>>> print(open('model.cif').read())   # mmCIF, C-alpha atoms and all ligand atoms
data_my_file
loop_
_atom_site.label_atom_id
_atom_site.label_comp_id
_atom_site.auth_asym_id
_atom_site.auth_seq_id
_atom_site.Cartn_x
_atom_site.Cartn_y
_atom_site.Cartn_z
CA MET A 1 0.00 0.00 0.00
CA SER A 2 1.37 3.44 -0.85
CA ALA A 3 1.96 6.04 1.90
CA PRO A 4 -1.00 8.31 2.61
CA ILE A 5 -1.04 11.73 1.00
CA ARG A 6 -0.23 14.56 3.42
CA ILE A 7 -1.57 18.05 2.89
CA GLY A 8 -0.47 21.10 4.86
CA VAL A 9 -3.17 23.73 5.38
CA PHE A 10 -2.44 27.11 6.88
CA ASP A 11 -4.31 30.21 7.90
CA SER A 12 -3.90 33.32 10.00
CA GLY A 13 -5.99 31.63 12.73
CA VAL A 14 -9.03 29.41 13.16
CA GLY A 15 -10.86 30.70 10.07
CA GLY A 16 -9.05 28.24 7.82
CA LEU A 17 -10.95 25.46 9.57
CA SER A 18 -13.86 26.41 7.28
CA VAL A 19 -11.61 25.33 4.40
CA LEU A 20 -10.32 22.24 6.22
CA ARG A 21 -13.95 21.23 6.71
CA HIS A 22 -14.41 20.95 2.94
CA LEU A 23 -11.11 19.11 2.55
CA ILE A 24 -11.85 16.47 5.19
CA THR A 25 -15.38 16.02 3.81
CA GLU A 26 -14.21 15.50 0.24
CA LEU A 27 -10.89 13.81 0.99
CA PRO A 28 -11.18 12.13 4.40
CA HIS A 29 -8.44 9.59 3.64
CA VAL A 30 -5.74 12.30 3.33
CA GLN A 31 -3.61 13.22 6.37
CA TYR A 32 -3.66 16.92 7.22
CA ILE A 33 -1.38 19.26 9.12
CA TYR A 34 -3.22 22.47 10.01
CA VAL A 35 -1.34 25.58 11.09
CA GLY A 36 -3.25 28.54 12.55
CA ASP A 37 -1.25 31.63 13.48
CA THR A 38 -3.66 32.49 16.29
CA ALA A 39 -1.06 34.62 18.09
CA ARG A 40 -0.76 37.09 15.21
CA VAL A 41 -4.26 37.01 13.68
CA PRO A 42 -5.72 39.07 12.01
CA TYR A 43 -3.58 39.33 8.89
CA GLY A 44 -6.28 41.22 7.00
CA ASN A 45 -5.22 44.67 8.17
CA LYS A 46 -1.46 44.13 7.97
CA SER A 47 1.01 45.22 5.29
CA VAL A 48 1.92 42.94 2.40
CA ALA A 49 5.49 42.70 3.72
CA THR A 50 4.31 41.44 7.11
CA ILE A 51 1.77 39.03 5.61
CA ALA A 52 4.49 37.65 3.29
CA HIS A 53 6.90 37.18 6.20
CA TYR A 54 4.33 35.32 8.32
CA ALA A 55 3.25 33.20 5.33
CA ALA A 56 6.88 32.29 4.61
CA GLN A 57 7.24 31.02 8.18
CA SER A 58 4.16 28.79 7.91
CA ALA A 59 5.26 27.50 4.50
CA THR A 60 8.76 26.75 5.84
CA PHE A 61 7.28 24.84 8.77
CA LEU A 62 5.00 22.79 6.52
CA ARG A 63 7.88 22.08 4.14
CA SER A 64 9.90 20.78 7.09
CA LYS A 65 7.02 18.40 7.78
CA GLY A 66 7.37 16.93 4.29
CA VAL A 67 3.82 17.55 3.11
CA ASP A 68 2.87 16.64 -0.47
CA MET A 69 0.81 19.78 -1.08
CA ILE A 70 0.07 23.08 0.65
CA VAL A 71 -3.39 24.65 0.72
CA VAL A 72 -3.31 28.33 1.62
CA ALA A 73 -6.66 28.57 3.37
CA CYS A 74 -6.24 32.24 4.23
CA ASN A 75 -7.66 34.49 1.51
CA THR A 76 -5.44 37.34 2.68
CA VAL A 77 -2.28 35.26 2.21
CA SER A 78 -3.62 33.81 -1.06
CA ALA A 79 -4.16 37.37 -2.29
CA ALA A 80 -1.00 39.03 -1.02
CA ALA A 81 1.72 36.38 -0.77
CA LEU A 82 0.93 33.24 -2.76
CA ASP A 83 4.12 33.68 -4.82
CA ILE A 84 6.28 33.55 -1.68
CA VAL A 85 4.59 30.33 -0.55
CA GLU A 86 5.04 28.82 -4.02
CA ALA A 87 8.73 29.74 -4.04
CA ILE A 88 9.29 28.02 -0.69
CA ALA A 89 6.97 25.04 -0.89
CA GLU A 90 8.67 22.68 -3.40
CA VAL A 91 5.25 20.97 -3.69
CA PRO A 92 2.03 22.09 -5.41
CA VAL A 93 0.36 25.07 -3.70
CA VAL A 94 -3.38 25.73 -3.90
CA GLY A 95 -4.67 29.17 -2.94
CA MET A 96 -8.22 30.44 -2.70
CA ILE A 97 -8.27 33.02 -5.50
CA GLN A 98 -8.06 31.18 -8.83
CA PRO A 99 -10.58 28.37 -8.15
CA ALA A 100 -13.12 30.85 -6.76
CA ALA A 101 -12.69 33.29 -9.64
CA ARG A 102 -13.25 30.52 -12.19
CA ALA A 103 -16.34 29.26 -10.35
CA ALA A 104 -17.79 32.78 -10.11
CA LEU A 105 -17.36 33.33 -13.85
CA GLU A 106 -19.05 30.01 -14.61
CA ARG A 107 -21.99 30.83 -12.39
CA SER A 108 -22.59 34.48 -13.18
CA PRO A 109 -24.92 35.06 -16.16
CA SER A 110 -24.34 38.83 -16.19
CA LYS A 111 -20.58 38.63 -15.35
CA ARG A 112 -21.18 41.37 -12.79
CA ILE A 113 -19.35 39.90 -9.82
CA GLY A 114 -18.93 41.17 -6.27
CA VAL A 115 -15.95 40.37 -4.05
CA ILE A 116 -15.85 40.81 -0.29
CA GLY A 117 -12.84 40.18 1.92
CA THR A 118 -10.40 41.75 4.35
CA ARG A 119 -8.84 45.11 3.55
CA ALA A 120 -5.57 43.49 2.46
CA THR A 121 -7.39 41.08 0.14
CA ILE A 122 -9.45 43.83 -1.47
CA GLU A 123 -6.51 46.25 -1.75
CA SER A 124 -4.39 43.56 -3.44
CA ASP A 125 -6.96 43.37 -6.30
CA ALA A 126 -6.06 39.67 -6.56
CA TYR A 127 -9.65 38.51 -7.11
CA ALA A 128 -10.38 41.30 -9.60
CA LEU A 129 -7.23 40.51 -11.57
CA ALA A 130 -8.07 36.80 -11.67
CA LEU A 131 -11.64 37.53 -12.79
CA TYR A 132 -10.44 39.88 -15.55
CA ALA A 133 -7.72 37.43 -16.61
CA HIS A 134 -10.12 34.50 -16.98
CA GLY A 135 -13.20 36.41 -18.13
CA GLY A 136 -11.74 39.29 -20.17
CA THR A 137 -11.76 42.90 -18.98
CA GLU A 138 -14.35 43.89 -21.57
CA ASN A 139 -16.86 41.23 -20.43
CA VAL A 140 -16.52 41.33 -16.65
CA THR A 141 -17.46 43.96 -14.07
CA VAL A 142 -15.99 43.50 -10.60
CA VAL A 143 -17.25 45.39 -7.56
CA GLN A 144 -15.13 44.91 -4.43
CA HIS A 145 -15.69 45.87 -0.83
CA ALA A 146 -13.67 45.27 2.34
CA CYS A 147 -15.84 43.93 5.19
CA PRO A 148 -13.51 43.68 8.22
CA LEU A 149 -16.27 43.74 10.86
CA LEU A 150 -17.69 40.46 9.56
CA VAL A 151 -14.60 38.58 10.80
CA ALA A 152 -15.34 39.46 14.44
CA LEU A 153 -19.08 38.82 14.05
CA ALA A 154 -18.47 35.33 12.67
CA GLU A 155 -16.06 34.48 15.51
CA GLU A 156 -18.57 35.82 18.02
CA GLY A 157 -21.17 33.45 16.59
CA TRP A 158 -23.52 36.30 15.69
CA LEU A 159 -24.49 34.50 12.52
CA ALA A 160 -28.12 35.65 12.37
CA HIS A 161 -28.05 38.60 14.78
CA PRO A 162 -29.96 41.74 13.70
CA ALA A 163 -26.75 43.76 14.10
CA THR A 164 -24.97 41.39 11.72
CA LEU A 165 -27.76 41.73 9.15
CA ALA A 166 -27.59 45.54 9.43
CA ILE A 167 -23.82 45.55 8.93
CA ILE A 168 -24.06 43.16 5.97
CA GLU A 169 -26.70 45.40 4.42
CA GLU A 170 -24.44 48.41 4.79
CA TYR A 171 -21.40 46.59 3.37
CA LEU A 172 -23.23 45.03 0.43
CA ARG A 173 -25.08 48.15 -0.68
CA PRO A 174 -22.37 49.26 -3.17
CA LEU A 175 -22.34 45.75 -4.68
CA LEU A 176 -26.12 45.53 -5.00
CA ASP A 177 -26.28 49.08 -6.39
CA GLN A 178 -24.03 47.79 -9.17
CA ALA A 179 -26.41 44.84 -9.74
CA VAL A 180 -23.91 42.04 -9.14
CA ASP A 181 -25.48 38.58 -9.51
CA THR A 182 -22.67 36.63 -7.81
CA ILE A 183 -20.55 37.40 -4.74
CA ILE A 184 -17.25 35.73 -3.85
CA LEU A 185 -17.01 35.23 -0.08
CA GLY A 186 -13.31 36.10 -0.13
CA CYS A 187 -12.48 35.47 3.53
CA THR A 188 -12.35 32.28 5.58
CA HIS A 189 -15.01 33.63 7.94
CA PHE A 190 -17.68 34.67 5.48
CA PRO A 191 -19.09 31.24 4.53
CA LEU A 192 -20.36 31.04 8.11
CA LEU A 193 -22.45 34.12 7.36
CA ALA A 194 -23.80 32.77 4.05
CA GLU A 195 -27.41 32.51 5.28
CA ALA A 196 -27.38 36.07 6.61
CA ILE A 197 -25.80 37.32 3.37
CA GLU A 198 -28.46 35.47 1.33
CA GLN A 199 -31.17 37.25 3.31
CA VAL A 200 -29.74 40.60 2.27
CA ALA A 201 -28.49 39.76 -1.22
CA PRO A 202 -30.45 37.51 -3.63
CA VAL A 203 -27.31 36.44 -5.48
CA ALA A 204 -25.18 33.32 -5.98
CA LEU A 205 -22.49 32.97 -3.31
CA ILE A 206 -19.08 31.45 -3.99
CA ASP A 207 -17.27 29.75 -1.11
CA PRO A 208 -13.57 29.67 -2.13
CA GLY A 209 -12.78 26.81 0.27
CA TYR A 210 -15.23 24.55 -1.55
CA TRP A 211 -13.85 25.36 -4.99
CA ALA A 212 -10.24 25.10 -3.83
CA THR A 213 -11.07 21.65 -2.45
CA ARG A 214 -12.48 20.61 -5.84
CA HIS A 215 -9.22 21.81 -7.38
CA VAL A 216 -7.17 19.79 -4.86
CA LYS A 217 -9.27 16.75 -5.75
CA ARG A 218 -8.57 17.27 -9.42
CA LEU A 219 -4.84 17.63 -8.77
CA LEU A 220 -4.81 14.41 -6.79
CA GLY A 221 -6.90 12.73 -9.45
CA GLU A 222 -8.48 10.59 -6.80
CA GLN A 223 -12.23 10.87 -7.07
CA SER A 224 -12.52 7.10 -7.23
CA LEU A 225 -10.56 6.31 -4.04
CA PRO A 226 -12.61 4.52 -1.41
CA GLN A 227 -13.72 7.02 1.24
CA GLN A 228 -13.16 4.63 4.12
CA ARG A 229 -13.05 7.42 6.69
CA SER A 230 -15.59 9.97 7.77
CA PRO A 231 -14.70 13.67 8.15
CA ARG A 232 -14.71 13.29 11.95
CA THR A 233 -12.13 10.54 11.88
CA ALA A 234 -9.87 12.20 9.30
CA ARG A 235 -6.33 12.39 10.62
CA VAL A 236 -5.46 16.02 11.35
CA GLU A 237 -2.57 17.41 13.40
CA TYR A 238 -3.41 20.90 14.62
CA TYR A 239 -0.70 23.48 15.32
CA VAL A 240 -1.48 26.94 16.65
CA THR A 241 0.77 29.79 17.77
CA ASP A 242 -1.47 30.57 20.74
CA VAL A 243 -4.49 28.94 22.34
CA PRO A 244 -6.96 31.82 22.77
CA THR A 245 -9.48 31.60 25.61
CA ASN A 246 -12.37 30.89 23.25
CA PHE A 247 -10.39 28.57 20.95
CA ALA A 248 -12.45 25.40 21.44
CA ALA A 249 -15.80 27.14 20.85
CA VAL A 250 -14.64 29.05 17.80
CA ALA A 251 -12.94 25.98 16.34
CA ARG A 252 -16.16 23.98 16.78
CA GLN A 253 -18.10 26.70 15.01
CA PHE A 254 -15.79 26.65 11.98
CA LEU A 255 -15.23 22.90 11.75
CA GLY A 256 -18.57 21.58 12.96
CA PHE A 257 -17.15 19.38 15.73
CA GLU A 258 -14.71 19.43 18.66
CA ILE A 259 -11.01 19.14 18.09
CA GLY A 260 -8.67 17.95 20.81
CA GLN A 261 -5.92 20.03 22.35
CA PRO A 262 -3.81 21.54 19.52
CA HIS A 263 0.01 21.55 19.49
CA ARG A 264 1.66 24.86 20.35
CA LEU A 265 4.06 26.15 17.73
CA SER A 266 6.32 29.20 17.72
CA LEU A 267 6.42 30.46 14.13
CA GLU A 268 8.52 33.43 15.32
CA GLU A 269 11.46 31.06 15.75
CA ILE A 270 11.19 29.77 12.20
CA VAL A 271 13.59 31.43 9.80
CA PRO A 272 11.81 31.42 6.46
CA ILE A 273 13.63 29.64 3.67
CA SER A 274 14.56 32.55 1.45
CA ALA A 275 12.36 32.74 -1.60
CA GLU A 276 14.15 34.28 -4.52
N1 LIG B 301 -8.16 34.24 7.37
C1 LIG B 301 -8.34 35.61 6.92
C2 LIG B 301 -8.80 35.62 5.45
O1 LIG B 301 -9.32 34.65 4.95
C3 LIG B 301 -9.32 36.37 7.79
C4 LIG B 301 -8.80 36.73 9.16
C5 LIG B 301 -7.60 37.66 9.13
O2 LIG B 301 -7.76 38.86 8.85
O3 LIG B 301 -6.51 37.18 9.38
O4 LIG B 301 -8.62 36.60 4.79
#
>>> encode(input="model.cif", output="structure tokens")
Amino acid sequence: MSAPIRIGVFDSGVGGLSVLRHLITELPHVQYIYVGDTARVPYGNKSVATIAHYAAQSATFLRSKGVDMIVVACNTVSAAALDIVEAIAEVPVVGMIQPAARAALERSPSKRIGVIGTRATIESDAYALALYAHGGTENVTVVQHACPLLVALAEEGWLAHPATLAIIEEYLRPLLDQAVDTIILGCTHFPLLAEAIEQVAPVALIDPGYWATRHVKRLLGEQSLPQQRSPRTARVEYYVTDVPTNFAAVARQFLGFEIGQPHRLSLEEIVPISAE
């Protein structure tokens, strides 16, 4: 029997568990190493240089673990520093941007597409550039908006709270004014708010974690493998840079079930492999 495939997944914190959830559902026989930089989250309001440095540390750690593939669950890292991760990884790297952009273009009849994410993701223009590249600048209209407050609301579990609905309404107004028919949920936290967003915006929603998982599946070419494990029994090693007081509850919210005590990891001590 060949050795099991090992995939490294990293994020700025617990949000990436929303991506891991898709991975373990679709590919429960794979072994996962999850890294959440909970000590330094959020990345979404940091500079590109800082995001790249942190991402390089996670990628270096996962490379040292000998993973076969790296999934960059964090949209902010995928948008601002995917090239650094690719230069370090020495294995295939899957980010959130390209699979989601392709899916949005396939699903949008009008090709008027909204993108929401952290400030760093929106300011990078990564989603807009991918949408224009695949769909053609003359055919596609992209309306982007940073929605930083939604990160805290999702972690707080205010998924259907009237305050959350009011904030979503305020954030989405510019997108709906521009008549988008599809919105990319360009942040690990936003799929948790999908029902609230649907109440405000009658549009198709794209969850990048789902589409990235489909891409991983294609790369592995393994649709036919027997799924002898269930998502709950998938083998995952969790590493976090801090264990916040509400870690267990937030992790449960993102993953759908309890995880045991995670390993503590100091990314600060990791000297990134230089990526030229
Ligand atoms: N994981 C981040 C993302 O998907 C959200 C949290 C943060 O700002 O670090 O963009």
>>> closest_atom_pairs(input="model.cif", of="chain A", to="ligand LIG 301 (chain B)", cutoff="6 Å", atoms="all atoms listed in the file", output="tab-separated table")
residue	atom	partner	partner_atom	distance
A:Asp11	CA	B:LIG301	N1	5.6
A:Ser12	CA	B:LIG301	O3	4.7
A:Gly15	CA	B:LIG301	N1	5.2
A:Val41	CA	B:LIG301	O3	4.9
A:Pro42	CA	B:LIG301	O3	3.3
A:Tyr43	CA	B:LIG301	O3	3.7
A:Gly44	CA	B:LIG301	O2	3.3
A:Cys74	CA	B:LIG301	O1	4.0
A:Asn75	CA	B:LIG301	O1	3.8
A:Thr76	CA	B:LIG301	O4	3.9
A:Thr118	CA	B:LIG301	O4	5.5
A:Cys187	CA	B:LIG301	O1	3.6
A:Thr188	CA	B:LIG301	O1	3.9
>>> closest_atom_pairs(input="model.cif", of="range 141-200 of chain A", to="range 84-107 of chain A", cutoff="9 Å", atoms="all atoms listed in the file", output="Markdown table")
| residue | atom | partner | partner_atom | distance |
| --- | --- | --- | --- | --- |
| A:Asp181 | CA | A:Arg107 | CA | 9.0 |
| A:Thr182 | CA | A:Ala104 | CA | 6.6 |
| A:Ile183 | CA | A:Ala104 | CA | 7.6 |
| A:Ile184 | CA | A:Ala104 | CA | 6.9 |
| A:Leu185 | CA | A:Ala100 | CA | 8.9 |
| A:Gly186 | CA | A:Ile97 | CA | 8.0 |
>>> residues_around(input="model.cif", residues="Ile33 in chain A", least_positions_apart="4", cutoff="10 Å", atoms="all atoms listed in the file", output="PyMOL selection string")
chain A and resi 6-10+20+62+65+67+70+235-239
>>> closest_residue(input="model.cif", among="A:Val203, A:Leu131, A:Ala166, A:Leu192", to="Leu255 in chain A", atoms="only C-alpha atoms")
A:Leu192
>>> residues_around(input="model.cif", residues="Val180 in chain A", least_positions_apart="2", cutoff="9 Å", atoms="all atoms listed in the file", output="PyMOL selection string")
chain A and resi 108+110-114+141-143+175-178+182-183+203
>>> residues_around(input="model.cif", residues="Val14 in chain A", least_positions_apart="4", cutoff="7 Å", atoms="all atoms listed in the file", output="ChimeraX atom specification")
/A:36,38,251
>>> atom_distance(input="model.cif", atom1="CA of Ile122 in chain A", atom2="CA of Ala146 in chain A")
5.9 Å
>>> closest_residue(input="model.cif", among="A:Arg40, A:Gln31, A:Gly136, A:Ala79", to="Gly66 in chain A", atoms="all atoms listed in the file")
A:Gln31
>>> closest_residue(input="model.cif", among="A:Leu205, A:Leu193, A:Val115, A:Ala73", to="Arg21 in chain A", atoms="all atoms listed in the file")
A:Ala73
>>> build_atoms(input="model.cif", residues="range 137-171 of chain A", atoms="N, CA and C atoms", output="PDB file, in the frame of the given file")
ATOM      1  N   THR A 137     -11.391  41.611 -19.592  1.00  0.00           N
ATOM      2  CA  THR A 137     -11.760  42.900 -18.980  1.00  0.00           C
ATOM      3  C   THR A 137     -13.006  43.502 -19.607  1.00  0.00           C
ATOM      4  N   GLU A 138     -13.206  43.254 -20.904  1.00  0.00           N
ATOM      5  CA  GLU A 138     -14.350  43.890 -21.570  1.00  0.00           C
ATOM      6  C   GLU A 138     -15.672  43.223 -21.215  1.00  0.00           C
ATOM      7  N   ASN A 139     -15.608  41.970 -20.711  1.00  0.00           N
ATOM      8  CA  ASN A 139     -16.860  41.230 -20.430  1.00  0.00           C
ATOM      9  C   ASN A 139     -17.251  41.261 -18.954  1.00  0.00           C
ATOM     10  N   VAL A 140     -16.292  41.539 -18.089  1.00  0.00           N
ATOM     11  CA  VAL A 140     -16.520  41.330 -16.650  1.00  0.00           C
ATOM     12  C   VAL A 140     -16.509  42.657 -15.908  1.00  0.00           C
ATOM     13  N   THR A 141     -17.466  42.801 -14.974  1.00  0.00           N
ATOM     14  CA  THR A 141     -17.460  43.960 -14.070  1.00  0.00           C
ATOM     15  C   THR A 141     -17.260  43.427 -12.658  1.00  0.00           C
ATOM     16  N   VAL A 142     -16.272  43.962 -11.969  1.00  0.00           N
ATOM     17  CA  VAL A 142     -15.990  43.500 -10.600  1.00  0.00           C
ATOM     18  C   VAL A 142     -16.227  44.659  -9.636  1.00  0.00           C
ATOM     19  N   VAL A 143     -17.004  44.389  -8.599  1.00  0.00           N
ATOM     20  CA  VAL A 143     -17.250  45.390  -7.560  1.00  0.00           C
ATOM     21  C   VAL A 143     -16.750  44.809  -6.245  1.00  0.00           C
ATOM     22  N   GLN A 144     -15.774  45.471  -5.630  1.00  0.00           N
ATOM     23  CA  GLN A 144     -15.130  44.910  -4.430  1.00  0.00           C
ATOM     24  C   GLN A 144     -15.441  45.763  -3.211  1.00  0.00           C
ATOM     25  N   HIS A 145     -15.494  45.107  -2.053  1.00  0.00           N
ATOM     26  CA  HIS A 145     -15.690  45.870  -0.830  1.00  0.00           C
ATOM     27  C   HIS A 145     -15.049  45.143   0.353  1.00  0.00           C
ATOM     28  N   ALA A 146     -14.259  45.854   1.131  1.00  0.00           N
ATOM     29  CA  ALA A 146     -13.670  45.270   2.340  1.00  0.00           C
ATOM     30  C   ALA A 146     -14.724  45.236   3.447  1.00  0.00           C
ATOM     31  N   CYS A 147     -14.811  44.112   4.152  1.00  0.00           N
ATOM     32  CA  CYS A 147     -15.840  43.930   5.190  1.00  0.00           C
ATOM     33  C   CYS A 147     -15.196  43.442   6.495  1.00  0.00           C
ATOM     34  N   PRO A 148     -14.266  44.201   7.071  1.00  0.00           N
ATOM     35  CA  PRO A 148     -13.510  43.680   8.220  1.00  0.00           C
ATOM     36  C   PRO A 148     -14.360  43.323   9.438  1.00  0.00           C
ATOM     37  N   LEU A 149     -15.465  44.019   9.650  1.00  0.00           N
ATOM     38  CA  LEU A 149     -16.270  43.740  10.860  1.00  0.00           C
ATOM     39  C   LEU A 149     -16.869  42.327  10.838  1.00  0.00           C
ATOM     40  N   LEU A 150     -17.051  41.783   9.650  1.00  0.00           N
ATOM     41  CA  LEU A 150     -17.690  40.460   9.560  1.00  0.00           C
ATOM     42  C   LEU A 150     -16.817  39.362  10.164  1.00  0.00           C
ATOM     43  N   VAL A 151     -15.503  39.591  10.211  1.00  0.00           N
ATOM     44  CA  VAL A 151     -14.600  38.580  10.800  1.00  0.00           C
ATOM     45  C   VAL A 151     -14.941  38.412  12.284  1.00  0.00           C
ATOM     46  N   ALA A 152     -15.041  39.518  12.999  1.00  0.00           N
ATOM     47  CA  ALA A 152     -15.340  39.460  14.440  1.00  0.00           C
ATOM     48  C   ALA A 152     -16.742  38.895  14.680  1.00  0.00           C
ATOM     49  N   LEU A 153     -17.702  39.291  13.853  1.00  0.00           N
ATOM     50  CA  LEU A 153     -19.080  38.820  14.050  1.00  0.00           C
ATOM     51  C   LEU A 153     -19.176  37.306  13.869  1.00  0.00           C
ATOM     52  N   ALA A 154     -18.452  36.779  12.889  1.00  0.00           N
ATOM     53  CA  ALA A 154     -18.470  35.330  12.670  1.00  0.00           C
ATOM     54  C   ALA A 154     -17.837  34.614  13.863  1.00  0.00           C
ATOM     55  N   GLU A 155     -16.715  35.141  14.368  1.00  0.00           N
ATOM     56  CA  GLU A 155     -16.060  34.480  15.510  1.00  0.00           C
ATOM     57  C   GLU A 155     -16.922  34.564  16.760  1.00  0.00           C
ATOM     58  N   GLU A 156     -17.695  35.636  16.866  1.00  0.00           N
ATOM     59  CA  GLU A 156     -18.570  35.820  18.020  1.00  0.00           C
ATOM     60  C   GLU A 156     -19.793  34.914  17.934  1.00  0.00           C
ATOM     61  N   GLY A 157     -20.008  34.323  16.767  1.00  0.00           N
ATOM     62  CA  GLY A 157     -21.170  33.450  16.590  1.00  0.00           C
ATOM     63  C   GLY A 157     -22.456  34.221  16.335  1.00  0.00           C
ATOM     64  N   TRP A 158     -22.327  35.492  15.981  1.00  0.00           N
ATOM     65  CA  TRP A 158     -23.520  36.300  15.690  1.00  0.00           C
ATOM     66  C   TRP A 158     -23.923  36.079  14.233  1.00  0.00           C
ATOM     67  N   LEU A 159     -24.300  34.852  13.925  1.00  0.00           N
ATOM     68  CA  LEU A 159     -24.490  34.500  12.520  1.00  0.00           C
ATOM     69  C   LEU A 159     -25.825  34.990  11.959  1.00  0.00           C
ATOM     70  N   ALA A 160     -26.810  35.183  12.842  1.00  0.00           N
ATOM     71  CA  ALA A 160     -28.120  35.650  12.370  1.00  0.00           C
ATOM     72  C   ALA A 160     -28.610  36.832  13.202  1.00  0.00           C
ATOM     73  N   HIS A 161     -27.706  37.492  13.877  1.00  0.00           N
ATOM     74  CA  HIS A 161     -28.050  38.600  14.780  1.00  0.00           C
ATOM     75  C   HIS A 161     -28.512  39.820  13.953  1.00  0.00           C
ATOM     76  N   PRO A 162     -29.517  40.563  14.452  1.00  0.00           N
ATOM     77  CA  PRO A 162     -29.960  41.740  13.700  1.00  0.00           C
ATOM     78  C   PRO A 162     -28.831  42.729  13.402  1.00  0.00           C
ATOM     79  N   ALA A 163     -27.875  42.850  14.339  1.00  0.00           N
ATOM     80  CA  ALA A 163     -26.750  43.760  14.100  1.00  0.00           C
ATOM     81  C   ALA A 163     -25.906  43.273  12.917  1.00  0.00           C
ATOM     82  N   THR A 164     -25.750  41.962  12.835  1.00  0.00           N
ATOM     83  CA  THR A 164     -24.970  41.390  11.720  1.00  0.00           C
ATOM     84  C   THR A 164     -25.681  41.680  10.388  1.00  0.00           C
ATOM     85  N   LEU A 165     -27.006  41.483  10.389  1.00  0.00           N
ATOM     86  CA  LEU A 165     -27.760  41.730   9.150  1.00  0.00           C
ATOM     87  C   LEU A 165     -27.641  43.201   8.736  1.00  0.00           C
ATOM     88  N   ALA A 166     -27.691  44.098   9.733  1.00  0.00           N
ATOM     89  CA  ALA A 166     -27.590  45.540   9.430  1.00  0.00           C
ATOM     90  C   ALA A 166     -26.222  45.867   8.840  1.00  0.00           C
ATOM     91  N   ILE A 167     -25.186  45.273   9.417  1.00  0.00           N
ATOM     92  CA  ILE A 167     -23.820  45.550   8.930  1.00  0.00           C
ATOM     93  C   ILE A 167     -23.634  44.967   7.521  1.00  0.00           C
ATOM     94  N   ILE A 168     -24.167  43.765   7.308  1.00  0.00           N
ATOM     95  CA  ILE A 168     -24.060  43.160   5.970  1.00  0.00           C
ATOM     96  C   ILE A 168     -24.767  44.043   4.942  1.00  0.00           C
ATOM     97  N   GLU A 169     -25.940  44.542   5.336  1.00  0.00           N
ATOM     98  CA  GLU A 169     -26.700  45.400   4.420  1.00  0.00           C
ATOM     99  C   GLU A 169     -25.884  46.628   4.018  1.00  0.00           C
ATOM    100  N   GLU A 170     -25.256  47.221   5.020  1.00  0.00           N
ATOM    101  CA  GLU A 170     -24.440  48.410   4.790  1.00  0.00           C
ATOM    102  C   GLU A 170     -23.254  48.079   3.864  1.00  0.00           C
ATOM    103  N   TYR A 171     -22.574  46.973   4.161  1.00  0.00           N
ATOM    104  CA  TYR A 171     -21.400  46.590   3.370  1.00  0.00           C
ATOM    105  C   TYR A 171     -21.767  46.220   1.932  1.00  0.00           C
TER     106      TYR A 171
END
